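Structure first, commentary second.
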Amino acid sequence: MSISYRPKLFLLSGMATAPNFMETFGEQLCRTLEGKGFRPAYRLLFPYGDWSRKAAVQMLEIYRDLRLGPQAAARSIGGRRAAEAIRSFCGDGLPVLIGHSGGGVAGVQAAELLRPVLSAPGILTIQIGSPKCPVSSAGRDRALYIRGIGAKGGDPIARLGSWGGWVAGASGLRRRFRYDRFKHAPAYRLNLALTGGHPDYFRGHEPFVNPDGRTNLQTVADYTTAWLLERWESEDGA
């Protein structure tokens, strides 16, 4: 992909987060991409509201969206809100949807709504510390899932939800089915050794530093941009 390309990054926050929760992450991504010759821009979105909205209402909306299959994205509360905002700001660019926690659910579902509207099947989605929600066959190869693991185990929010579904086994007189827990999973899944827990993916200071001296923010941003560059290069050469 030409380095003159200007990626439009949409950062989707989860439940009851601070208004600037993902801002340092957006800035870090842009600096890294600028170092590669790109001209990125980012925008913060709050598909379920920020910390000024009742957390209980947001939690119910996320729970409802989490239970939807890819074919039901039009019923997504957060997905519809995100898709409307992205259409307003995107112009003729191709959006990248990056969501933390419940924002990752809204991002996957917004991508389903945007693909036919923008005639852009190549929309990329990245979920960071998100509950598992089903990803469509059209979106799986363009989706990355990042889960933090630390000394106390993995992010508990990432244990919620499911990617599973029933698949047909060997045919014969009686068709057998088996349950595949990764049937609707993103094709790219990554466990990162980070310090802290669910709220700490974007910490850029002590004590959120690994033994190599890299902060959580640097680690997540580096892996995110590396995957984006790999996908853009792959699709540009296709």
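Each chain of the structure tokens is named A, B, ... in the order shown, its residues numbered from 1; ligands are numbered from 1 in display order.
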Quiz item: Counting only C-alpha atoms, what is within 9 Å of A:Arg147, bar same-chain residues fewer than 3 positions away, as a list in words?
Solution: Gln127, Ile128, Gly129, Ser130, Gly154, Asp155, Ala158, Arg189, Leu190, Asn191, Leu192 and Ala193 of chain A
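Every protein or nucleic acid residue with an atom no more than 9 Å from A:Arg53, counting only C-alpha atoms and leaving out same-chain residues fewer than 5 positions away, appears here: Ala16, Tyr48 and Gln58 of chain A.
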Self-check item: DSSP helix (DSSP H, G or I) residues within stretch 4-231 of chain A, as a PyMOL selection string
Solution: chain A and resi 23-35+55-66+70-75+77-90+102-118+140-142+156-159+198-200+216-231
Show which residues sit within 9 Å of A:Arg81, as a PDB file with N, CA, C and O atoms, in the first residue's frame. Count only C-alpha atoms, and ignore same-chain residues fewer than 6 positions away.
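Output file around39.pdb follows:
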```pdb
ATOM      1  N   PHE A  46     -17.454   6.580  21.606  1.00  0.00           N
ATOM      2  CA  PHE A  46     -17.990   5.977  22.827  1.00  0.00           C
ATOM      3  C   PHE A  46     -19.353   5.356  22.501  1.00  0.00           C
ATOM      4  O   PHE A  46     -20.394   5.956  22.756  1.00  0.00           O
ATOM      5  N   PRO A  47     -19.354   4.153  21.929  1.00  0.00           N
ATOM      6  CA  PRO A  47     -20.617   3.561  21.464  1.00  0.00           C
ATOM      7  C   PRO A  47     -21.623   3.292  22.570  1.00  0.00           C
ATOM      8  O   PRO A  47     -22.823   3.173  22.293  1.00  0.00           O
ATOM      9  N   TYR A  48     -21.166   3.214  23.807  1.00  0.00           N
ATOM     10  CA  TYR A  48     -22.084   2.996  24.932  1.00  0.00           C
ATOM     11  C   TYR A  48     -22.074   4.169  25.915  1.00  0.00           C
ATOM     12  O   TYR A  48     -22.744   4.124  26.942  1.00  0.00           O
ATOM     13  N   ALA A 106     -18.788  -3.628  19.795  1.00  0.00           N
ATOM     14  CA  ALA A 106     -19.417  -2.637  18.917  1.00  0.00           C
ATOM     15  C   ALA A 106     -18.640  -2.489  17.614  1.00  0.00           C
ATOM     16  O   ALA A 106     -19.228  -2.325  16.541  1.00  0.00           O
ATOM     17  N   ALA A 110     -20.188  -2.995  14.039  1.00  0.00           N
ATOM     18  CA  ALA A 110     -20.210  -1.816  13.162  1.00  0.00           C
ATOM     19  C   ALA A 110     -19.577  -2.143  11.812  1.00  0.00           C
ATOM     20  O   ALA A 110     -20.046  -1.691  10.762  1.00  0.00           O
TER      21      ALA A 110
END
```
Quiz prompt | Long-range neighbours of A:Ala73 as a list in words, 12 Å cut-off, only C-alpha atoms, 4 positions minimum in chain | solution =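 Residues meeting the cut-off are Arg64, Asp65, Leu66, Arg67, Leu68, Gly69, Ile77, Gly78, Gly79, Arg80, Arg81, Ala82, Ala83, Val105, Ala106, Gly107, Val108, Gln109, Ala110, Ala111, Glu112, Leu113, Leu114, Arg115, Cys133, Pro134, Val135 and Ser136 of chain A.
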Practice problem: Would you list the contacts of A:Ala41 as JSON, numbers by chain, taking every protein, DNA or RNA residue within 7 Å and counting only C-alpha atoms, but skipping same-chain residues closer than 5 positions in sequence? | Solution: {"A": [7, 8, 9, 30]}
Quiz item: Counting only C-alpha atoms, which of A:Arg43, A:Arg6, A:Arg176, A:Lys132 gets nearest to A:Pro19?
Solution: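 Closest candidate: A:Arg43.
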Quiz item: In stretch 2-195 of chain A, what's strand (DSSP E) per DSSP? Answer as a PyMOL selection string?
Solution: chain A and resi 8-12+41-45+95-100+124-128+143-150+153-154+165-168+177-180+188-193
Self-check item: Pick from A:Ser88, A:Ser101, A:Ser234, A:Gln28, whichever lies nearest to A:Leu12 using only C-alpha atoms
Solution: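 Of A:Ser88, A:Ser101, A:Ser234, A:Gln28, the one nearest A:Leu12 is A:Ser101, counting only C-alpha atoms.
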Exercise. Determine, counting only C-alpha atoms, which protein, DNA and RNA residues have an atom within 10 Å of an atom of A:Val167; residues of the same chain fewer than 2 positions away are not included. Present the result as a list in words.
Key: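 Everything that qualifies: Gly164, Gly165, Gly169, Arg176, Phe177, Arg178, Tyr179, Asp180 and Lys183 of chain A.
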Practice problem: Skip stretch 217-232 of chain A itself and residues of its chain fewer than 4 positions away, then list as a ChimeraX atom specification all residues within 6 Å of it, counting only C-alpha atoms. | Solution: /A:29,202-204,236
Could the residues in this selection be saved with N, CA, C and O atoms as a PDB file, in the first residue's frame?
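out-v3.pdb written:
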```pdb
ATOM      1  N   LEU A  29      -0.166   5.166  18.261  1.00  0.00           N
ATOM      2  CA  LEU A  29      -0.355   4.515  16.964  1.00  0.00           C
ATOM      3  C   LEU A  29       0.012   5.453  15.821  1.00  0.00           C
ATOM      4  O   LEU A  29       0.682   5.053  14.859  1.00  0.00           O
ATOM      5  N   PHE A 202      -3.350   0.405  28.136  1.00  0.00           N
ATOM      6  CA  PHE A 202      -2.803   1.622  27.536  1.00  0.00           C
ATOM      7  C   PHE A 202      -2.003   2.463  28.526  1.00  0.00           C
ATOM      8  O   PHE A 202      -1.817   3.662  28.328  1.00  0.00           O
ATOM      9  N   ARG A 203      -1.494   1.823  29.576  1.00  0.00           N
ATOM     10  CA  ARG A 203      -0.658   2.529  30.549  1.00  0.00           C
ATOM     11  C   ARG A 203       0.741   2.706  29.976  1.00  0.00           C
ATOM     12  O   ARG A 203       1.358   1.749  29.513  1.00  0.00           O
ATOM     13  N   GLY A 204       1.236   3.932  30.032  1.00  0.00           N
ATOM     14  CA  GLY A 204       2.546   4.227  29.465  1.00  0.00           C
ATOM     15  C   GLY A 204       3.563   4.693  30.495  1.00  0.00           C
ATOM     16  O   GLY A 204       4.453   5.473  30.165  1.00  0.00           O
ATOM     17  N   ASP A 236      -2.606  -5.111  -0.408  1.00  0.00           N
ATOM     18  CA  ASP A 236      -2.137  -4.284  -1.509  1.00  0.00           C
ATOM     19  C   ASP A 236      -1.498  -5.123  -2.599  1.00  0.00           C
ATOM     20  O   ASP A 236      -1.583  -4.819  -3.785  1.00  0.00           O
TER      21      ASP A 236
END
```
Practice problem: Kindly indicate which residue among A:Ala138, A:Ala74, A:Met22, A:Leu60 lies nearest to A:Leu124, using only C-alpha atoms for the distances. | Solution: A:Ala138
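Interatomic distance, atom CA of A:Phe10 against atom CA of A:Ile86: 7.5 Å.
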